[in-house]
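Worksheet: the structure to be examined is printed underneath.
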Amino acid sequence: MQKYAEVAIENAVYHFDKPFSYLIPEKLEAALKSGMRVFVPFGAGNRLRVAMVLSIDEKPVEGAKEIAEILDKETVLSDNMLKLAKWMKNRYFCTAYDAIRPMIPSGLNFKIKPSYVLSDDFKDFDEEAYSVVAWNIISFLKKAGKSVAFEKLAKEFGITEDNPDFQRLIDEKIALKVNIAAARIRDALSKMVRPVSDFSGTLTKRQQSVYETLLDAGTVTERELRYFTGASAALIKALADKGAAEIFEYEVYRRPKSFHVITENEEEIMLSKAQEKVYSELEKEYAAGKFSTSLLYGVTGSGKTSVFMKLIQKVFADGRAVIIMVPEISLTSQTIALFSERFGENIAVFHSGLSLGERADEWKRVKRGEARIVIGTRSAVFAPVSNLGLIVIDEEQEHSYKSESSPRYDAREVARWRCASENAMCLLSSATPSVESFYMSRSGRYTLHELPERFGEAEIPNVELIDMNAADTVGADSLISVPLYEAIRDNIEEEHQSIILLNRRGYHHFATCKSCKEVMMCPNCSISLTYHSANNRLMCHYCGASIKLPVKCPKCGGMDMAFRGPGTQRVEEELEKIFPDARILRVDTDSMSGKFSLEKKLEEFSRGEYDIMVGTQMVAKGLNFENVTLVGVVSADNILFSDDFRGNERTFDLLTQVVGRAGRGRYSGTAMIQTYVPENPYLHLAAQQDYIGFYEREIQYRKALLYPPFPDILVIGFVGESEADVRKAANSFVDALMKKAESEHRDMPLRILSASPAAVMKVSNKFRYKTIIKCRNTDEFRQMISEELVSFGKNKEHSKVTAHADANPYTIL
């Protein structure tokens, strides 16, 4: 009985995406399994495409094409992960392969390499009949004896695919085109040597000496054997040829350089009475063996990490796997250091800061069961663990858990799905939980566990709001008030450390001409350029455009430029002037772009090698430095006012978190927040670390204006190179959706807002519009939206505009 496979095609467009059926050739039947990738002919031209096998059955499909090749030696996705991909496709309005893509490390993805092989029918024709280039290519292919990637031919002979000499070889079928699947990275292999102990042949004196060393050492790498004996590779090969040794390859893992295995600490984790109570509740919930979602809410410094670490220890002892998610790469190294003390080599690391090889090898360790604890950022939620017992999402309110590109998934939702599918526990943890999560815990959907006080002798920092309308500053144009200056000075004298926050990188936010008031705008985006003093350039933080600071205004020729809106570079420069002997570290994406540079600098700060750390929100959350006793917020106002409904939440979260970095050890802490609106209630709530007060105020606002958690929000985005086309397409989509809702879904609770430009309407020379829909994210609603997206994609009138849907995005601007 012939078998057929349903596959998901890579790079399919949304409106054409569905499972496609292919006949499995008899020669591939035994090897092929669901969860493997294959080559399949696709479309009218039968071009080979990568596809993932979703299922296999014997139901005949008329006219089905044959699978061309199996690409994987073993399954890369389990049945449960394939089910997750199906769920994600429906929930996040993406193609099936887009849902699969984040589950496989990019280093293991295949790309099709156009390659050429010499035809078997080609005989040694007269060299004179060919040009020099053509004959050299023929000779090269003949010598290779196998297919050669075109990029190699191009490099060797300086040709392009439309080269007439090369085209002649193709037209005459002398060079045949084949497609080769190539992984982006290869396995890291080490050449190993081991002795054949019962060898009785004859060896030279030198060979005998190396052989005896090998007998003593056992199995070693070839490099080690050469190092300790001085033997050449040829000598070692001669040993193998004579049967005295065996040479083989062994896969080695490329481990992250920031990962340092520490001897496992088996001491019991000591908890306070409050922590022990919470742990007992969580352990009981886990022991029930059913899916559950819990929220661990505790003030900054309350010891939430110790509680869930003890729970992780329990789950690990039960033989189950654990995923620990953190929002920022900067927090990963601290978390790794903490957990490696307990679990050593049982830890694997998942985040984008790793090389392709490191990511692939960490994924393999997890899939093979060699590491049962995964620590990482958003992508860690897809770790191929078996027997999942617990997922911990630290700082669960963070926007980085929400993907902004396809698939536009929420890692918290994916985590809950995975836990539900394996009867595991999902634990959310934060000092400032998202309004939605706290609402869920208040309404009984999640269980709530609270730690209202700091651990041990640590106390909540004393917080002072500095009214910049009345406060004196260090200088005429200074950003630093006298009270903050004095606090930093005293802190340095006492050999304590300070953290200074300004959530805007660069030197100035924008530059303007004093004569004509023209603001220097990005040539590709509808946003002002940011001045960076380090390279004296104006840079766009959206598309990356960079131009030299003009000597004169490009519009009127004026010679006098004004700069507005300070950034972290400006704060760093000012602190260097007023504290010339202080050691200052700036932490933002401009200064920490190198691999592991952030981890290295944070370690140096932890060792006391800096007095002051200036930074954006990268310094605000999750970091734990005992010697930090002062936190200063240069300007709370630039994060306070936002057109987005989450603006108040973002302000409270950031200020509460950064204030919480002070006084986390045996020293008391102080925080100073500079503002021109000291009467703002959210500033006072953050200063008091009063999350409950914030929540009670915010939930009333959300309810009154119909924002999550009461409805869901779906944003449909439209992107194209012509503003007129994008605007027309957006309006057309809204009209069609309203008609469909009116005629087919009259009982569906729905509010569809008119299409409007995005807050930054143009990015990278593409215009952006959006429509906002307040809804209930039900199966019926998603089916309606999916149908409209498919219809839009098939409409040739809008062929130059793409549309995408984003459910409950972090921002709706």
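Naming works like this for the structure tokens: A, B, ... for the chains as they're shown, residue 1 at the start of each chain, ligands 1 onward in shown order.
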- prompt: Where does DSSP see strand (DSSP E or B) in region 190-436 of chain A, if you list the residues as a PyMOL selection string?
  reply: chain A and resi 190-195+220-221+245-251+292-298+321-325+347-350+373-376+388-394+402+410+425-430
field: Which of region 468-681 of chain A fall in helix (DSSP H, G or I), as a ChimeraX atom specification
entry: /A:482-493,568-578,597-606,617-619,637-640,647-659,681
Write to file, as a CSV table (one decimal), in the first residue's frame, the residues of the selection just made, with C-alpha atoms.
```csv
chain,number,residue,atom,x,y,z
A,482,VAL,CA,21.9,69.3,42.9
A,483,PRO,CA,20.2,66.7,45.2
A,484,LEU,CA,21.1,63.9,42.8
A,485,TYR,CA,24.6,65.2,42.4
A,486,GLU,CA,25.1,65.3,46.2
A,487,ALA,CA,23.7,61.8,46.5
A,488,ILE,CA,26.1,60.4,43.8
A,489,ARG,CA,29.0,62.2,45.4
A,490,ASP,CA,28.3,60.8,48.8
A,491,ASN,CA,27.8,57.3,47.4
A,492,ILE,CA,31.2,57.4,45.7
A,493,GLU,CA,32.9,58.6,48.9
A,568,THR,CA,22.6,58.2,27.6
A,569,GLN,CA,25.7,59.5,25.9
A,570,ARG,CA,25.0,63.0,27.0
A,571,VAL,CA,24.4,61.8,30.6
A,572,GLU,CA,27.6,59.9,30.6
A,573,GLU,CA,29.6,62.9,29.3
A,574,GLU,CA,28.1,65.2,32.0
A,575,LEU,CA,28.8,62.7,34.8
A,576,GLU,CA,32.4,62.4,33.6
A,577,LYS,CA,32.8,66.2,33.8
A,578,ILE,CA,31.3,66.6,37.3
A,597,SER,CA,30.3,42.5,25.9
A,598,LEU,CA,27.2,43.1,28.1
A,599,GLU,CA,27.9,40.0,30.3
A,600,LYS,CA,31.5,41.0,30.7
A,601,LYS,CA,30.7,44.6,31.7
A,602,LEU,CA,28.1,43.5,34.2
A,603,GLU,CA,30.5,41.1,35.8
A,604,GLU,CA,33.1,43.9,36.0
A,605,PHE,CA,30.4,46.2,37.6
A,606,SER,CA,29.6,43.4,40.1
A,617,GLN,CA,16.0,50.0,30.5
A,618,MET,CA,18.7,47.4,30.1
A,619,VAL,CA,19.9,48.4,33.6
A,637,ASP,CA,8.8,62.3,31.9
A,638,ASN,CA,10.1,60.9,28.7
A,639,ILE,CA,8.5,57.5,29.6
A,640,LEU,CA,5.4,58.9,31.3
A,647,GLY,CA,1.7,53.9,28.8
A,648,ASN,CA,0.9,54.1,32.5
A,649,GLU,CA,1.8,50.4,33.0
A,650,ARG,CA,5.1,50.8,31.3
A,651,THR,CA,6.0,53.9,33.4
A,652,PHE,CA,5.1,52.2,36.7
A,653,ASP,CA,6.9,49.0,35.7
A,654,LEU,CA,10.1,50.6,34.7
A,655,LEU,CA,10.3,53.0,37.6
A,656,THR,CA,9.4,50.4,40.2
A,657,GLN,CA,11.9,47.9,38.8
A,658,VAL,CA,14.8,50.4,38.6
A,659,VAL,CA,14.1,51.7,42.1
A,681,PRO,CA,-0.2,59.7,40.7
```
- request: Would you mind listing what lies within 9 Å of region 465-478 of chain A as a ChimeraX atom specification, with only C-alpha atoms counted and same-chain residues fewer than 2 positions away left out?
  value: /A:463,480-485,574,578,671-678,683-684,687
message: I need the residue nearest Arg372 (chain A) from this list: A:Gln313, A:Asn90, A:Ser732, A:Ser355. Use only C-alpha atoms for the distance.
response: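 When distances to Arg372 (chain A) are compared using only C-alpha atoms, the smallest one comes from A:Gln313.
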- prompt: For Leu427 (chain A), which residue among A:Thr447, A:Ser200, A:Asn11, A:Asn462 is the nearest when counting only C-alpha atoms?
  reply: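 Looking at the shortest contact to Leu427 (chain A), the residue is A:Thr447.
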7 Å contact set for Val193 (chain A), only C-alpha atoms, chain neighbours under 6 positions out, as a CSV table (one decimal) with all heavy atoms, in the first residue's frame:
```csv
chain,number,residue,atom,x,y,z
A,219,THR,N,41.7,6.5,24.8
A,219,THR,CA,41.2,7.3,23.7
A,219,THR,C,41.5,8.8,23.9
A,219,THR,O,41.2,9.3,25.0
A,219,THR,CB,39.7,7.1,23.6
A,219,THR,OG1,39.4,5.7,23.4
A,219,THR,CG2,39.1,7.9,22.4
A,220,VAL,N,42.1,9.4,22.9
A,220,VAL,CA,42.5,10.8,23.0
A,220,VAL,C,42.2,11.5,21.7
A,220,VAL,O,42.0,10.8,20.7
A,220,VAL,CB,44.0,11.0,23.4
A,220,VAL,CG1,44.3,10.5,24.8
A,220,VAL,CG2,44.9,10.4,22.3
A,221,THR,N,42.2,12.8,21.7
A,221,THR,CA,42.1,13.5,20.4
A,221,THR,C,43.4,13.4,19.7
A,221,THR,O,44.4,13.3,20.3
A,221,THR,CB,41.7,15.0,20.6
A,221,THR,OG1,42.8,15.7,21.2
A,221,THR,CG2,40.4,15.1,21.4
A,222,GLU,N,43.3,13.5,18.3
A,222,GLU,CA,44.5,13.5,17.6
A,222,GLU,C,45.4,14.7,17.9
A,222,GLU,O,46.6,14.6,18.0
A,222,GLU,CB,44.2,13.5,16.1
A,222,GLU,CG,45.4,13.4,15.2
A,222,GLU,CD,45.1,13.6,13.7
A,222,GLU,OE1,44.8,14.8,13.3
A,222,GLU,OE2,45.2,12.6,13.0
A,245,ALA,N,46.1,1.3,15.6
A,245,ALA,CA,45.2,2.3,16.2
A,245,ALA,C,44.0,2.5,15.3
A,245,ALA,O,44.0,2.1,14.1
A,245,ALA,CB,46.0,3.7,16.3
A,246,GLU,N,43.0,3.1,15.8
A,246,GLU,CA,41.8,3.4,15.1
A,246,GLU,C,41.6,4.9,15.2
A,246,GLU,O,41.6,5.5,16.2
A,246,GLU,CB,40.5,2.7,15.7
A,246,GLU,CG,40.6,1.2,15.5
A,246,GLU,CD,39.4,0.5,16.1
A,246,GLU,OE1,38.7,1.2,16.9
A,246,GLU,OE2,39.2,-0.7,15.9
A,247,ILE,N,41.3,5.5,14.0
A,247,ILE,CA,40.9,6.9,14.0
A,247,ILE,C,39.5,7.1,13.6
A,247,ILE,O,38.9,6.4,12.7
A,247,ILE,CB,41.8,7.6,12.9
A,247,ILE,CG1,43.3,7.5,13.2
A,247,ILE,CG2,41.4,9.1,12.8
A,247,ILE,CD1,44.2,8.0,12.1
A,248,PHE,N,38.8,7.9,14.4
A,248,PHE,CA,37.3,8.1,14.2
A,248,PHE,C,37.0,9.5,14.6
A,248,PHE,O,37.8,10.2,15.2
A,248,PHE,CB,36.5,7.1,15.0
A,248,PHE,CG,36.7,7.2,16.5
A,248,PHE,CD1,35.7,7.9,17.3
A,248,PHE,CD2,37.7,6.6,17.1
A,248,PHE,CE1,35.9,8.0,18.6
A,248,PHE,CE2,37.9,6.7,18.5
A,248,PHE,CZ,37.0,7.4,19.3
```
task: List the neighbours of Leu585 (chain A) out to 7 Å using only C-alpha atoms; skip same-chain residues closer than 4 positions along the sequence, and give me the result as JSON, numbers by chain.
output: {"A": [610, 612, 613, 614]}
Neighbour list for Tyr4 (chain A) as a VMD selection string, cut-off 7 Å, only C-alpha atoms, skip fewer than 4 positions in-chain: chain A and resid 21 to 24 56 to 60
- request: For region 789-792 of chain A, please output as a list in words all residues within 10 Å (counting only C-alpha atoms; exclusion window: fewer than 5 positions along the same chain).
  value: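 Contacts, in chain order: Val13, Tyr14, His15, Phe16, Asp17, Phe93, Ile716, Ala729, Ala730, Ser732, Phe733, Ala736, Leu737, Gln783, Met784, Glu797, His798, Ser799, Val801, Thr802, Ala803, His804 and Ala805 of chain A.
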Suppose we keep N, CA and C atoms; can you now write the selection as an mmCIF file, in the first residue's frame?
```
data_model
loop_
_atom_site.group_PDB
_atom_site.id
_atom_site.type_symbol
_atom_site.label_atom_id
_atom_site.label_comp_id
_atom_site.auth_asym_id
_atom_site.auth_seq_id
_atom_site.Cartn_x
_atom_site.Cartn_y
_atom_site.Cartn_z
ATOM 1 N N VAL A 13 3.069 31.628 0.856
ATOM 2 C CA VAL A 13 2.364 32.844 1.262
ATOM 3 C C VAL A 13 1.114 32.452 2.039
ATOM 4 N N TYR A 14 0.662 33.340 2.927
ATOM 5 C CA TYR A 14 -0.421 33.000 3.848
ATOM 6 C C TYR A 14 -1.692 32.578 3.117
ATOM 7 N N HIS A 15 -2.050 33.302 2.063
ATOM 8 C CA HIS A 15 -3.325 33.007 1.409
ATOM 9 C C HIS A 15 -3.280 31.721 0.579
ATOM 10 N N PHE A 16 -2.092 31.125 0.434
ATOM 11 C CA PHE A 16 -1.975 29.885 -0.336
ATOM 12 C C PHE A 16 -1.499 28.732 0.549
ATOM 13 N N ASP A 17 -1.379 28.986 1.846
ATOM 14 C CA ASP A 17 -0.797 27.997 2.753
ATOM 15 C C ASP A 17 -1.829 26.965 3.192
ATOM 16 N N PHE A 93 -2.152 33.686 13.002
ATOM 17 C CA PHE A 93 -2.355 34.091 11.601
ATOM 18 C C PHE A 93 -1.050 34.044 10.809
ATOM 19 N N ILE A 716 -4.461 44.889 12.660
ATOM 20 C CA ILE A 716 -4.149 44.469 11.301
ATOM 21 C C ILE A 716 -3.234 45.537 10.712
ATOM 22 N N ALA A 729 -5.694 50.066 0.397
ATOM 23 C CA ALA A 729 -5.810 48.662 0.788
ATOM 24 C C ALA A 729 -6.345 48.527 2.212
ATOM 25 N N ALA A 730 -5.860 49.380 3.119
ATOM 26 C CA ALA A 730 -6.319 49.328 4.507
ATOM 27 C C ALA A 730 -7.802 49.649 4.602
ATOM 28 N N SER A 732 -10.017 49.351 2.235
ATOM 29 C CA SER A 732 -10.747 48.277 1.573
ATOM 30 C C SER A 732 -10.916 47.078 2.506
ATOM 31 N N PHE A 733 -9.859 46.742 3.232
ATOM 32 C CA PHE A 733 -9.922 45.613 4.169
ATOM 33 C C PHE A 733 -10.948 45.893 5.265
ATOM 34 N N ALA A 736 -14.506 45.579 3.902
ATOM 35 C CA ALA A 736 -14.882 44.179 3.669
ATOM 36 C C ALA A 736 -15.124 43.455 4.985
ATOM 37 N N LEU A 737 -14.290 43.728 5.983
ATOM 38 C CA LEU A 737 -14.446 43.066 7.286
ATOM 39 C C LEU A 737 -15.749 43.487 7.963
ATOM 40 N N GLN A 783 -11.347 32.616 12.712
ATOM 41 C CA GLN A 783 -11.705 32.081 11.401
ATOM 42 C C GLN A 783 -12.147 33.204 10.470
ATOM 43 N N MET A 784 -12.909 34.149 10.994
ATOM 44 C CA MET A 784 -13.366 35.280 10.191
ATOM 45 C C MET A 784 -12.183 36.122 9.711
ATOM 46 N N GLU A 797 -5.690 43.566 -6.885
ATOM 47 C CA GLU A 797 -5.714 45.028 -6.771
ATOM 48 C C GLU A 797 -4.767 45.501 -5.667
ATOM 49 N N HIS A 798 -4.557 44.621 -4.659
ATOM 50 C CA HIS A 798 -3.696 44.989 -3.532
ATOM 51 C C HIS A 798 -2.403 44.174 -3.534
ATOM 52 N N SER A 799 -1.944 43.796 -4.704
ATOM 53 C CA SER A 799 -0.769 42.913 -4.791
ATOM 54 C C SER A 799 0.513 43.565 -4.278
ATOM 55 N N VAL A 801 0.696 45.440 -1.613
ATOM 56 C CA VAL A 801 0.548 45.717 -0.176
ATOM 57 C C VAL A 801 0.432 44.394 0.573
ATOM 58 N N THR A 802 1.165 44.260 1.651
ATOM 59 C CA THR A 802 1.047 43.066 2.489
ATOM 60 C C THR A 802 0.266 43.410 3.759
ATOM 61 N N ALA A 803 -0.468 42.417 4.254
ATOM 62 C CA ALA A 803 -1.246 42.603 5.478
ATOM 63 C C ALA A 803 -0.860 41.523 6.484
ATOM 64 N N HIS A 804 -0.856 41.878 7.750
ATOM 65 C CA HIS A 804 -0.582 40.895 8.795
ATOM 66 C C HIS A 804 -1.455 41.209 9.997
ATOM 67 N N ALA A 805 -1.696 40.187 10.818
ATOM 68 C CA ALA A 805 -2.512 40.353 12.025
ATOM 69 C C ALA A 805 -1.651 40.105 13.251
#
```
